[in-house]
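Raw contents of start_29.cif, mmCIF, C-alpha atoms:
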data_input
#
loop_
_atom_site.label_atom_id
_atom_site.label_comp_id
_atom_site.auth_asym_id
_atom_site.auth_seq_id
_atom_site.Cartn_x
_atom_site.Cartn_y
_atom_site.Cartn_z
CA MET A 601 93.49 -151.74 78.31
CA SER A 602 95.53 -150.49 81.17
CA ARG A 603 93.75 -148.98 84.13
CA LEU A 604 96.82 -147.09 85.16
CA PRO A 605 95.77 -143.66 83.73
CA GLU A 606 92.55 -143.80 85.66
CA ILE A 607 94.28 -144.86 88.86
CA LEU A 608 96.83 -142.07 88.46
CA ARG A 609 94.09 -139.49 88.00
CA GLN A 610 92.07 -140.62 90.94
CA HIS A 611 94.97 -140.81 93.34
CA GLU A 612 96.96 -137.84 92.08
CA SER A 613 96.97 -135.82 95.28
CA GLU A 614 97.69 -138.89 97.38
CA ILE A 615 100.60 -139.93 95.14
CA TYR A 616 101.94 -136.41 95.28
CA ALA A 617 101.89 -136.36 99.09
CA ASN A 618 103.55 -139.77 99.29
CA TRP A 619 106.12 -138.82 96.70
CA LEU A 620 107.20 -135.78 98.67
CA ARG A 621 107.56 -138.00 101.74
CA GLU A 622 109.43 -140.60 99.74
CA MET A 623 112.05 -138.08 98.66
CA THR A 624 114.31 -138.46 101.61
CA SER A 625 117.01 -136.09 102.66
CA ALA A 626 119.44 -137.66 100.19
CA VAL A 627 117.39 -136.49 97.25
CA ARG A 628 116.17 -133.24 98.71
CA ARG A 629 119.40 -131.30 99.13
CA SER A 630 117.81 -128.25 100.72
CA ASP A 631 121.14 -126.47 100.22
CA LEU A 632 120.69 -126.56 96.46
CA LEU A 633 116.94 -126.40 96.06
CA SER A 634 114.34 -124.78 98.30
CA GLU A 635 111.41 -126.81 99.62
CA LYS A 636 108.96 -124.56 97.84
CA GLN A 637 110.68 -124.91 94.48
CA LEU A 638 110.77 -128.69 94.86
CA GLN A 639 107.07 -128.85 95.67
CA GLY A 640 106.12 -126.65 92.75
CA GLU A 641 108.33 -128.61 90.40
CA SER A 642 107.02 -131.98 91.55
CA LYS A 643 103.40 -130.92 91.39
CA GLU A 644 103.77 -129.65 87.86
CA LEU A 645 105.65 -132.76 86.79
CA LEU A 646 103.11 -135.15 88.27
CA THR A 647 100.26 -133.31 86.57
CA ALA A 648 102.11 -133.57 83.27
CA ILE A 649 102.68 -137.31 83.81
CA VAL A 650 98.99 -137.87 84.56
CA GLU A 651 98.15 -135.91 81.40
CA GLY A 652 100.59 -138.00 79.40
CA ALA A 653 99.17 -141.24 80.75
CA LYS A 654 95.67 -140.15 79.69
CA SER A 655 96.61 -140.90 76.11
CA GLY A 656 96.32 -144.59 77.00
CA ASP A 657 99.82 -145.20 75.72
CA VAL A 658 101.28 -145.51 79.18
CA ALA A 659 104.55 -147.27 78.43
CA ASN A 660 105.18 -145.61 75.08
CA LEU A 661 106.67 -142.17 75.65
CA GLU A 662 106.93 -141.53 71.90
CA ASN A 663 103.26 -140.56 71.95
CA PRO A 664 102.84 -136.79 71.45
CA ALA A 665 100.72 -136.59 74.62
CA TRP A 666 103.91 -137.24 76.61
CA GLU A 667 105.72 -134.27 75.05
CA PRO A 668 104.93 -131.74 77.88
CA ALA A 669 105.99 -134.22 80.58
CA LYS A 670 109.22 -135.05 78.75
CA GLU A 671 110.09 -131.41 78.20
CA LEU A 672 109.38 -130.57 81.82
CA LEU A 673 111.48 -133.47 83.03
CA GLN A 674 114.36 -132.47 80.74
CA SER A 675 114.34 -128.91 82.01
CA VAL A 676 114.16 -130.06 85.65
CA SER A 677 117.07 -132.42 85.06
CA ALA A 678 119.12 -129.76 83.26
CA ARG A 679 118.53 -127.33 86.11
CA ARG A 680 119.73 -129.93 88.60
CA ALA A 681 122.84 -130.69 86.56
CA GLN A 682 123.68 -127.00 86.56
CA SER A 683 123.08 -126.47 90.26
CA GLY A 684 125.31 -129.38 91.22
CA PHE A 685 123.13 -132.40 91.98
CA SER A 686 124.81 -135.76 91.53
CA PRO A 687 123.53 -138.08 88.77
CA SER A 688 122.12 -140.57 91.28
CA GLU A 689 120.31 -137.84 93.19
CA THR A 690 118.70 -136.68 89.99
CA ALA A 691 117.70 -140.20 88.96
CA THR A 692 116.36 -141.03 92.43
CA TYR A 693 114.09 -138.01 92.22
CA ILE A 694 111.99 -139.60 89.50
CA LEU A 695 112.53 -143.21 90.67
CA SER A 696 111.10 -142.39 94.09
CA LEU A 697 107.77 -141.96 92.32
CA LYS A 698 107.58 -145.75 92.01
CA ARG A 699 106.45 -146.62 95.49
CA PRO A 700 103.59 -144.07 95.72
CA ILE A 701 102.24 -145.22 92.37
CA PHE A 702 102.55 -148.91 93.30
CA GLU A 703 100.70 -148.23 96.52
CA ALA A 704 97.90 -146.51 94.66
CA ILE A 705 97.66 -149.44 92.28
CA ARG A 706 97.57 -151.92 95.15
CA LYS A 707 94.78 -149.95 96.80
CA GLU A 708 92.68 -150.28 93.66
CA LEU A 709 93.55 -153.79 92.56
CA GLY A 710 94.81 -155.39 95.73
CA ALA A 711 92.52 -158.39 95.38
CA LYS A 712 93.24 -159.16 91.72
CA ALA A 713 96.77 -160.50 91.56
CA ASP A 714 96.95 -160.82 87.76
CA GLU A 715 95.77 -157.31 87.06
CA LEU A 716 97.88 -155.94 89.89
CA PHE A 717 100.97 -157.50 88.41
CA SER A 718 100.35 -156.24 84.87
CA GLU A 719 99.60 -152.68 86.08
CA ILE A 720 102.70 -152.62 88.23
CA TRP A 721 104.74 -153.80 85.28
CA THR A 722 103.31 -151.01 83.07
CA ALA A 723 104.04 -148.44 85.77
CA THR A 724 107.60 -149.72 86.12
CA LEU A 725 108.17 -149.43 82.39
CA MET A 726 106.85 -145.88 82.38
CA ILE A 727 108.94 -144.69 85.31
CA ASP A 728 112.07 -146.39 84.02
CA LYS A 729 111.68 -144.62 80.72
CA LEU A 730 111.16 -141.31 82.49
CA ALA A 731 114.29 -142.00 84.53
CA LEU A 732 116.25 -142.68 81.35
CA ILE A 733 115.14 -139.34 79.91
CA THR A 734 116.26 -137.66 83.13
CA ALA A 735 119.66 -139.31 82.97
CA GLU A 736 120.11 -138.37 79.34
CA ALA A 737 119.16 -134.75 79.92
CA PHE A 738 121.49 -134.62 82.91
CA GLN A 739 124.34 -136.03 80.85
CA SER A 740 123.88 -133.69 77.91
CA THR A 741 123.72 -130.66 80.20
CA ARG A 742 126.98 -131.71 81.82
CA GLU A 743 128.53 -132.21 78.41
CA GLN A 744 127.50 -128.72 77.32
CA LEU A 745 129.04 -127.40 80.51
CA ILE A 746 132.33 -129.18 79.78
CA THR A 747 132.43 -127.91 76.20
CA ARG A 748 131.86 -124.35 77.36
CA GLN A 749 134.56 -124.63 79.98
CA GLN A 750 136.99 -126.00 77.41
CA GLN A 751 136.33 -122.98 75.22
CA ASP A 752 136.81 -120.65 78.17
CA MET A 753 140.11 -122.30 78.98
CA LEU A 754 141.23 -121.98 75.39
CA GLU A 755 140.67 -118.25 75.48
CA LEU A 756 142.10 -117.75 78.94
CA SER A 757 145.26 -119.64 78.19
CA THR A 758 146.47 -117.36 75.41
CA PRO A 759 147.02 -113.88 76.81
CA VAL A 760 148.88 -111.31 74.75
CA VAL A 761 150.92 -108.97 76.93
CA LYS A 762 152.28 -105.62 75.92
CA LEU A 763 155.85 -105.33 77.20
CA TRP A 764 156.72 -101.96 75.78
CA ASP A 765 155.54 -99.58 73.14
CA GLY A 766 155.64 -101.72 70.01
CA ILE A 767 156.71 -104.91 71.73
CA LEU A 768 154.29 -107.74 72.47
CA ALA A 769 154.81 -110.97 74.38
CA LEU A 770 152.77 -114.12 74.02
CA PRO A 771 153.51 -116.68 76.72
CA ILE A 772 152.18 -120.04 75.58
CA ILE A 773 151.33 -122.51 78.35
CA GLY A 774 150.46 -126.08 77.45
CA THR A 775 150.55 -128.07 74.25
CA LEU A 776 149.83 -126.35 70.97
CA ASP A 777 147.24 -128.17 68.90
CA SER A 778 145.51 -126.99 65.74
CA ALA A 779 142.54 -125.46 67.55
CA ARG A 780 144.76 -123.57 69.98
CA THR A 781 147.09 -122.39 67.26
CA GLN A 782 144.11 -120.81 65.58
CA VAL A 783 143.21 -118.93 68.78
CA VAL A 784 146.84 -117.99 69.45
CA MET A 785 147.27 -116.74 65.91
CA GLU A 786 144.09 -114.71 65.95
CA SER A 787 144.75 -113.09 69.30
CA LEU A 788 148.37 -112.31 68.43
CA LEU A 789 147.55 -110.79 65.04
CA GLY A 790 144.66 -108.86 66.54
CA ALA A 791 146.94 -107.45 69.21
CA VAL A 792 149.59 -106.56 66.62
CA VAL A 793 147.06 -104.43 64.75
CA GLN A 794 145.62 -102.93 67.92
CA THR A 795 148.90 -101.91 69.52
CA ASN A 796 150.80 -101.24 66.31
CA SER A 797 153.60 -103.52 67.43
CA ARG A 798 156.56 -104.36 65.25
CA VAL A 799 158.02 -107.08 67.43
CA ALA A 800 156.22 -110.02 69.01
CA ILE A 801 157.93 -112.41 71.38
CA ILE A 802 156.49 -115.92 71.51
CA ASP A 803 157.57 -117.50 74.77
CA ILE A 804 157.41 -121.30 74.78
CA THR A 805 158.72 -121.88 78.30
CA GLY A 806 155.36 -123.39 79.22
CA VAL A 807 155.16 -125.73 76.24
CA PRO A 808 156.06 -129.19 77.54
CA THR A 809 157.10 -130.77 74.25
CA VAL A 810 157.81 -129.49 70.79
CA ASP A 811 157.21 -131.96 68.00
CA THR A 812 157.03 -131.38 64.25
CA LEU A 813 153.36 -130.46 64.46
CA VAL A 814 153.86 -127.87 67.19
CA ALA A 815 156.81 -126.44 65.28
CA GLN A 816 154.74 -126.24 62.14
CA HIS A 817 152.01 -124.39 64.05
CA LEU A 818 154.57 -121.98 65.45
CA LEU A 819 156.01 -121.32 62.01
CA LYS A 820 152.53 -120.66 60.65
CA THR A 821 151.90 -118.07 63.34
CA ILE A 822 155.26 -116.43 62.70
CA THR A 823 154.68 -116.32 58.95
CA ALA A 824 151.26 -114.75 59.42
CA ALA A 825 152.72 -112.11 61.74
CA ARG A 826 155.49 -111.40 59.23
CA LEU A 827 152.92 -110.93 56.48
CA MET A 828 151.38 -108.18 58.58
CA GLY A 829 154.71 -106.51 59.10
CA ALA A 830 155.57 -107.72 62.59
CA GLU A 831 158.69 -109.66 63.45
CA CYS A 832 158.54 -112.66 65.77
CA ILE A 833 161.14 -113.88 68.23
CA ILE A 834 160.83 -117.27 69.87
CA SER A 835 162.06 -117.39 73.45
CA GLY A 836 162.08 -119.87 76.29
CA VAL A 837 163.68 -122.70 74.34
CA ARG A 838 164.83 -125.18 76.97
CA PRO A 839 167.97 -127.26 76.35
CA GLN A 840 166.00 -130.48 75.89
CA ILE A 841 163.67 -128.75 73.43
CA ALA A 842 166.63 -127.42 71.45
CA GLN A 843 167.93 -131.00 71.23
CA THR A 844 164.54 -132.33 70.15
CA ILE A 845 164.20 -129.67 67.48
CA VAL A 846 167.56 -130.55 65.96
CA HIS A 847 166.95 -134.31 66.20
CA LEU A 848 163.61 -133.93 64.45
CA GLY A 849 165.25 -131.88 61.71
CA ILE A 850 162.95 -128.90 62.19
CA ASP A 851 164.30 -125.90 60.30
CA LEU A 852 164.07 -122.79 62.46
CA SER A 853 166.83 -120.96 60.62
CA GLN A 854 164.39 -118.33 59.35
CA VAL A 855 163.30 -117.53 62.91
CA ILE A 856 165.14 -115.68 65.64
CA THR A 857 165.30 -117.87 68.75
CA LYS A 858 166.47 -116.92 72.22
CA ALA A 859 166.94 -119.00 75.33
CA LYS A 860 165.23 -116.61 77.71
CA LEU A 861 162.42 -114.12 77.53
CA SER A 862 164.76 -111.44 78.87
CA ASP A 863 167.20 -112.01 75.99
CA ALA A 864 164.36 -111.72 73.52
CA PHE A 865 163.13 -108.55 75.18
CA ALA A 866 166.60 -107.02 75.05
CA LEU A 867 166.81 -107.83 71.35
CA ALA A 868 163.36 -106.38 70.76
CA LEU A 869 164.36 -103.15 72.52
CA GLN A 870 167.50 -103.00 70.43
CA LYS A 871 165.53 -103.52 67.24
CA SER A 872 163.29 -100.59 68.11
CA GLY A 873 166.31 -98.41 68.81
CA ARG A 874 166.18 -98.48 72.60
CA ALA A 875 168.54 -99.68 75.28
CA VAL A 876 168.43 -100.53 78.96
CA VAL A 877 170.84 -98.44 81.04
CA ARG A 878 171.69 -98.31 84.72
CA THR A 879 170.76 -95.02 86.37
CA THR A 880 172.83 -95.45 89.56
CA PRO A 881 176.35 -96.91 89.75
CA GLU A 882 176.66 -100.47 90.98
CA ARG A 883 178.06 -100.67 94.50
CA SER A 884 180.15 -103.42 95.98
CA PRO A 885 178.11 -105.99 97.88
CA VAL A 886 181.01 -106.35 100.32
CA LEU A 887 180.34 -102.87 101.71
CA GLY A 888 176.80 -103.85 102.42
CA ASN A 889 175.35 -101.15 100.27
CA ARG A 890 172.22 -102.05 98.49
CA LEU A 891 172.71 -102.90 94.89
CA ALA A 892 171.07 -100.66 92.44
CA ALA A 893 168.91 -103.36 91.05
CA ASN A 894 166.30 -101.28 89.32
CA LYS A 895 167.17 -101.62 85.72
CA GLU A 896 164.77 -99.23 84.20
CA PRO A 897 164.52 -99.33 80.45
CA LYS A 898 165.05 -95.91 79.04
CA GLU A 899 163.97 -94.68 75.68
CA MET B 1499 136.54 -99.58 33.59
CA GLU B 1500 137.67 -99.39 37.22
CA LYS B 1501 141.35 -99.08 37.83
CA ILE B 1502 143.58 -99.00 40.87
CA PRO B 1503 145.28 -95.61 41.13
CA ILE B 1504 149.07 -95.50 41.35
CA LEU B 1505 150.42 -92.39 43.08
CA ARG B 1506 153.94 -91.16 42.71
CA MET B 1507 155.77 -89.87 45.77
CA GLY B 1508 159.27 -88.88 44.85
CA SER B 1509 160.95 -92.00 43.63
CA PHE B 1510 158.41 -94.24 45.31
CA LEU B 1511 155.06 -95.42 44.02
CA LEU B 1512 152.07 -95.74 46.32
CA VAL B 1513 149.30 -98.18 45.48
CA THR B 1514 146.23 -98.30 47.69
CA ILE B 1515 143.89 -101.17 47.04
CA GLN B 1516 140.48 -100.05 48.23
CA VAL B 1517 138.15 -102.21 46.19
CA ASP B 1518 137.65 -105.94 46.11
CA MET B 1519 140.36 -107.40 43.94
CA HIS B 1520 139.15 -109.50 41.12
CA ASP B 1521 141.42 -111.28 38.75
CA ARG B 1522 141.24 -108.86 35.83
CA LEU B 1523 141.90 -105.90 38.12
CA ALA B 1524 144.95 -107.69 39.47
CA VAL B 1525 146.37 -108.31 36.02
CA GLN B 1526 145.65 -104.69 35.08
CA LEU B 1527 147.51 -103.54 38.20
CA GLN B 1528 150.53 -105.63 37.25
CA ASP B 1529 150.62 -104.00 33.79
CA ASP B 1530 150.15 -100.46 35.11
CA LEU B 1531 152.65 -100.83 37.92
CA THR B 1532 155.47 -102.24 35.82
CA GLN B 1533 154.83 -99.52 33.24
CA ASN B 1534 154.91 -96.84 35.96
CA ILE B 1535 158.08 -98.18 37.54
CA SER B 1536 159.91 -98.00 34.26
CA ASP B 1537 158.41 -94.63 33.28
CA HIS B 1538 159.29 -92.90 36.54
CA ASP B 1539 162.45 -94.82 37.42
CA ALA B 1540 160.82 -95.72 40.72
CA THR B 1541 163.02 -97.37 43.31
CA GLY B 1542 160.30 -98.38 45.74
CA VAL B 1543 156.70 -99.59 45.58
CA LEU B 1544 154.38 -99.46 48.56
CA ILE B 1545 151.17 -101.47 48.33
CA ASP B 1546 148.57 -100.70 50.99
CA ILE B 1547 146.12 -103.57 51.36
CA SER B 1548 144.53 -102.49 54.64
CA SER B 1549 141.06 -102.37 53.04
CA LEU B 1550 141.47 -105.75 51.40
CA GLU B 1551 139.36 -108.26 53.25
CA ILE B 1552 139.20 -111.20 50.90
CA VAL B 1553 142.17 -112.89 49.28
CA ASP B 1554 142.59 -116.04 47.30
CA SER B 1555 145.64 -117.84 46.05
CA PHE B 1556 145.55 -115.83 42.82
CA ILE B 1557 145.74 -112.47 44.60
CA GLY B 1558 148.43 -113.87 46.87
CA ARG B 1559 150.48 -115.00 43.90
CA MET B 1560 149.89 -111.66 42.21
CA LEU B 1561 151.41 -109.83 45.19
CA ALA B 1562 154.44 -112.11 45.08
CA ASN B 1563 154.69 -111.61 41.30
CA ILE B 1564 154.50 -107.82 41.55
CA ALA B 1565 157.33 -107.89 44.08
CA ALA B 1566 159.41 -110.12 41.84
CA MET B 1567 158.73 -107.96 38.74
CA ALA B 1568 159.56 -104.79 40.66
CA ARG B 1569 162.82 -106.31 41.80
CA VAL B 1570 163.74 -107.09 38.20
CA LEU B 1571 163.15 -103.40 37.48
CA ASP B 1572 165.29 -102.52 40.52
CA ALA B 1573 162.52 -101.40 42.83
CA GLU B 1574 161.76 -102.72 46.33
CA THR B 1575 158.20 -103.66 47.20
CA VAL B 1576 156.65 -103.28 50.64
CA VAL B 1577 153.19 -104.63 51.37
CA VAL B 1578 151.57 -102.82 54.29
CA GLY B 1579 148.46 -103.08 56.47
CA MET B 1580 147.53 -106.71 55.92
CA GLN B 1581 144.49 -107.69 57.99
CA PRO B 1582 144.90 -110.60 60.45
CA ALA B 1583 142.27 -112.68 58.65
CA VAL B 1584 144.03 -112.12 55.34
CA ALA B 1585 147.39 -113.13 56.83
CA ILE B 1586 145.91 -116.30 58.31
CA THR B 1587 144.25 -117.16 55.00
CA LEU B 1588 147.48 -116.73 53.06
CA VAL B 1589 149.38 -118.90 55.54
CA GLU B 1590 146.70 -121.58 55.36
CA LEU B 1591 146.97 -121.44 51.58
CA GLY B 1592 150.67 -122.14 52.00
CA MET B 1593 151.78 -118.75 50.69
CA SER B 1594 154.39 -117.12 52.86
CA LEU B 1595 155.29 -114.38 50.32
CA SER B 1596 158.89 -114.84 51.37
CA GLY B 1597 160.21 -112.39 48.78
CA VAL B 1598 157.95 -109.55 49.87
CA ARG B 1599 158.78 -107.05 52.58
CA THR B 1600 155.96 -106.16 54.94
CA ALA B 1601 155.12 -103.38 57.39
CA LEU B 1602 152.29 -102.58 59.76
CA ASN B 1603 151.05 -99.38 58.15
CA VAL B 1604 151.87 -96.87 55.42
CA GLU B 1605 153.99 -94.80 57.79
CA SER B 1606 156.31 -97.62 58.84
CA GLY B 1607 156.28 -98.94 55.29
CA MET B 1608 157.58 -95.58 54.04
CA GLU B 1609 160.23 -95.62 56.76
CA LEU B 1610 161.28 -99.08 55.67
CA LEU B 1611 161.55 -98.06 52.03
CA TYR B 1612 163.51 -95.00 53.04
CA GLU B 1613 165.86 -97.19 55.08
CA ILE B 1614 166.43 -99.54 52.16
CA ARG B 1615 166.71 -96.91 49.45
CA GLY B 1616 167.89 -93.86 51.34
CA ASN B 1617 167.05 -91.30 48.70
CA PHE B 1618 163.40 -90.38 49.07
CA HIS B 1619 163.60 -87.70 46.39
CA SER B 1620 164.82 -88.88 43.05
CA ASP B 1621 167.45 -87.08 41.03
CA GLN B 1622 164.76 -85.92 38.65
CA ASP B 1623 163.06 -83.99 41.44
CA ASN B 1624 166.30 -82.26 42.28
CA GLU B 1625 166.77 -81.29 38.66
CA ILE B 1626 163.28 -79.82 38.58
CA SER B 1627 163.78 -77.85 41.77
CA GLN B 1628 167.09 -76.58 40.52
CA ALA B 1629 165.56 -75.44 37.25
#
As structure tokens - that is how I would like this structure written.
Amino acid sequence: MSRLPEILRQHESEIYANWLREMTSAVRRSDLLSEKQLQGESKELLTAIVEGAKSGDVANLENPAWEPAKELLQSVSARRAQSGFSPSETATYILSLKRPIFEAIRKELGAKADELFSEIWTATLMIDKLALITAEAFQSTREQLITRQQQDMLELSTPVVKLWDGILALPIIGTLDSARTQVVMESLLGAVVQTNSRVAIIDITGVPTVDTLVAQHLLKTITAARLMGAECIISGVRPQIAQTIVHLGIDLSQVITKAKLSDAFALALQKSGRAVVRTTPERSPVLGNRLAANKEPKE
Amino acid sequence: MEKIPILRMGSFLLVTIQVDMHDRLAVQLQDDLTQNISDHDATGVLIDISSLEIVDSFIGRMLANIAAMARVLDAETVVVGMQPAVAITLVELGMSLSGVRTALNVESGMELLYEIRGNFHSDQDNEISQA
């Protein structure tokens, strides 16, 4: 029977004091965590560990008695992952508990080498397992963070812009995959309903490559918009992309395509019965007069 | 038995689907509509599906069929007010309804029909007003 639980209980306050000292500046990071918070956290954690060890199952953390300590450790680790601690800083936090515990064990069993060794081994097992839990919790928190950021990026990267009354533009930046197409489609169709737009311009200037899959996704979006009564124009087709599309044998004959967004916008204006006219006469640049550059679309 | 009402506006027919379409209702609508087109010499059919939230491949095919039947009877069909979710579903089902004209709402649908057909009031109406 291990004597470790008893030793832990007897020396709790001493271990706690040593532990705090053991946590050197590298682990402390006073910029991310206040001294008071750290002390409170550590005290609570140590108490939970002592409670867990009471079960007698010191090296087996599956025992239900360890549940509070594990939960506490997971929440501490998750908090650290969120506030920007590095993985090694987080792991060192729990690993720095080793020395204070070893010292306490030596104080009790210093004369009995065999017992000392076996108790130290049990304590090592326990702390290593606690450290593994910490690392796992840290990792999973970071993963959740990454997933959330990916979702945010997905939503941010598909803005629908209203160019004119009844004309929408959807500049797509980055590669179109199935998940993004879904978001693009939903936001475009939602905007069509909201703004009552008859023409939507899909600008693919920011799409690096167009393969059959991307083209298929584009066609899906266009078909869905057509079903709702909105017409789609594809703009921003770069010369290389035009070549790729033809080489791949993608049929875009049902879709209106334009080289530039401005061309597409002009067509959209024309379709809605509007035109862009110059309000002041163009002057010769030779005379140094400023050019009337403000092309204001007029209804 | 529930039935989808078909309203006559001049030479156009207006169908507003406001209940969940089930298969028998869809077949019934096909019968009624073709009968109405031939009875009233309608030249345009406007189907408003803005309240339709659930579609399946059968309803999708029915819409395409109605358009095809109407065309045989020399009437243009415009489907208006399709919800985004419905449009996405139909595309995912592989139905592009390529033979059907679409519009955003009843107003622009009517405009479209008027553009295609020109005469909003049929000759019959003129005869009545003259008499």
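Reported to one decimal place, the separation of CA of Val760 (chain A) from CA of Val792 (chain A) is 9.4 Å.
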Answer key for the PyMOL selection byres ((chain A) within 9 of (chain B)), residues as an MDAnalysis selection string: chainID A and resid 782 785:786 788:790 792:793 796:798 820:821 823:830
Selection under test: the PyMOL selection byres ((chain A and resi 679-692) around 9); residues as a PyMOL selection string: chain A and resi 623+626-629+632-633+674-678+693-697+731-732+734-735+737-739+741-742+745
Kindly save the residues from that selection, with C-alpha atoms included, as a PDB file, in the frame of the given file.
ATOM      1  CA  MET A 623     112.050-138.080  98.660  1.00  0.00           C
ATOM      2  CA  ALA A 626     119.440-137.660 100.190  1.00  0.00           C
ATOM      3  CA  VAL A 627     117.390-136.490  97.250  1.00  0.00           C
ATOM      4  CA  ARG A 628     116.170-133.240  98.710  1.00  0.00           C
ATOM      5  CA  ARG A 629     119.400-131.300  99.130  1.00  0.00           C
ATOM      6  CA  LEU A 632     120.690-126.560  96.460  1.00  0.00           C
ATOM      7  CA  LEU A 633     116.940-126.400  96.060  1.00  0.00           C
ATOM      8  CA  GLN A 674     114.360-132.470  80.740  1.00  0.00           C
ATOM      9  CA  SER A 675     114.340-128.910  82.010  1.00  0.00           C
ATOM     10  CA  VAL A 676     114.160-130.060  85.650  1.00  0.00           C
ATOM     11  CA  SER A 677     117.070-132.420  85.060  1.00  0.00           C
ATOM     12  CA  ALA A 678     119.120-129.760  83.260  1.00  0.00           C
ATOM     13  CA  TYR A 693     114.090-138.010  92.220  1.00  0.00           C
ATOM     14  CA  ILE A 694     111.990-139.600  89.500  1.00  0.00           C
ATOM     15  CA  LEU A 695     112.530-143.210  90.670  1.00  0.00           C
ATOM     16  CA  SER A 696     111.100-142.390  94.090  1.00  0.00           C
ATOM     17  CA  LEU A 697     107.770-141.960  92.320  1.00  0.00           C
ATOM     18  CA  ALA A 731     114.290-142.000  84.530  1.00  0.00           C
ATOM     19  CA  LEU A 732     116.250-142.680  81.350  1.00  0.00           C
ATOM     20  CA  THR A 734     116.260-137.660  83.130  1.00  0.00           C
ATOM     21  CA  ALA A 735     119.660-139.310  82.970  1.00  0.00           C
ATOM     22  CA  ALA A 737     119.160-134.750  79.920  1.00  0.00           C
ATOM     23  CA  PHE A 738     121.490-134.620  82.910  1.00  0.00           C
ATOM     24  CA  GLN A 739     124.340-136.030  80.850  1.00  0.00           C
ATOM     25  CA  THR A 741     123.720-130.660  80.200  1.00  0.00           C
ATOM     26  CA  ARG A 742     126.980-131.710  81.820  1.00  0.00           C
ATOM     27  CA  LEU A 745     129.040-127.400  80.510  1.00  0.00           C
TER      28      LEU A 745
END
What lies within 7 Å of region 606-616 of chain A using all atoms listed in the file, ignoring chain neighbours under 4 positions off, as a PDB file with C-alpha atoms, keeping the file's coordinate frame?
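File produced: around-v8.pdb:
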ATOM      1  CA  LEU A 620     107.200-135.780  98.670  1.00  0.00           C
ATOM      2  CA  LYS A 643     103.400-130.920  91.390  1.00  0.00           C
ATOM      3  CA  VAL A 650      98.990-137.870  84.560  1.00  0.00           C
ATOM      4  CA  PRO A 700     103.590-144.070  95.720  1.00  0.00           C
ATOM      5  CA  ILE A 701     102.240-145.220  92.370  1.00  0.00           C
ATOM      6  CA  ALA A 704      97.900-146.510  94.660  1.00  0.00           C
ATOM      7  CA  ILE A 705      97.660-149.440  92.280  1.00  0.00           C
TER       8      ILE A 705
END
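Closest to Val1543 (chain B) among B:Val1513, B:Met1567, B:Val1604, B:Ile1614 is B:Val1513, based on only C-alpha atoms.
Minimum atom-to-atom distances from A:Val807, A:Ala648, A:Leu848, A:Ser602 to Leu716 (chain A) were compared using all atoms listed in the file, and the lowest value belongs to A:Ser602.
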Can you pull out every residue within 8 Å of region 1530-1539 of chain B, counting all atoms listed in the file, but drop anything in the same chain fewer than 5 positions away, and send it as a short mmCIF file (atom, residue, chain, number, x, y, z; two decimals) with C-alpha atoms, in the coordinates of the input?
data_model
loop_
_atom_site.label_atom_id
_atom_site.label_comp_id
_atom_site.auth_asym_id
_atom_site.auth_seq_id
_atom_site.Cartn_x
_atom_site.Cartn_y
_atom_site.Cartn_z
CA ILE B 1504 149.07 -95.50 41.35
CA SER B 1509 160.95 -92.00 43.63
CA LEU B 1511 155.06 -95.42 44.02
CA MET B 1567 158.73 -107.96 38.74
CA ALA B 1568 159.56 -104.79 40.66
CA LEU B 1571 163.15 -103.40 37.48
CA ALA B 1573 162.52 -101.40 42.83
#
Using all atoms listed in the file: which of A:Ile746, A:Val810, A:Ile773, A:Leu730 has the shortest distance to Gly849 (chain A): A:Val810
Counting all atoms listed in the file, what is within 8 Å of Val855 (chain A), bar same-chain residues fewer than 5 positions away, as a short mmCIF file (atom, residue, chain, number, x, y, z; two decimals) with C-alpha atoms, in the frame of the given file?
data_model
loop_
_atom_site.label_atom_id
_atom_site.label_comp_id
_atom_site.auth_asym_id
_atom_site.auth_seq_id
_atom_site.Cartn_x
_atom_site.Cartn_y
_atom_site.Cartn_z
CA CYS A 832 158.54 -112.66 65.77
CA ILE A 833 161.14 -113.88 68.23
CA ILE A 834 160.83 -117.27 69.87
#
The PyMOL selection byres ((chain A and resi 835) around 12) applied to the shown file, residues as a PyMOL selection string: chain A and resi 769-772+800-807+818+832-834+836-839+841-842+855-868
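Atom to atom, CA of Thr724 (chain A) and CA of Gly652 (chain A) stand 15.2 Å apart.
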Edge lengths and centre in Å to one decimal, as JSON, is what I'm after for the box along x, y and z that holds all listed atoms of region 1568-1584 of chain B once 8 Å is added on each side.
{"center_x": 153.8, "center_y": -107.0, "center_z": 49.0, "size_x": 39.0, "size_y": 27.3, "size_z": 39.0}
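Across the model, the gap from CA of Ser1549 (chain B) to CA of Gln1516 (chain B) is 5.4 Å.
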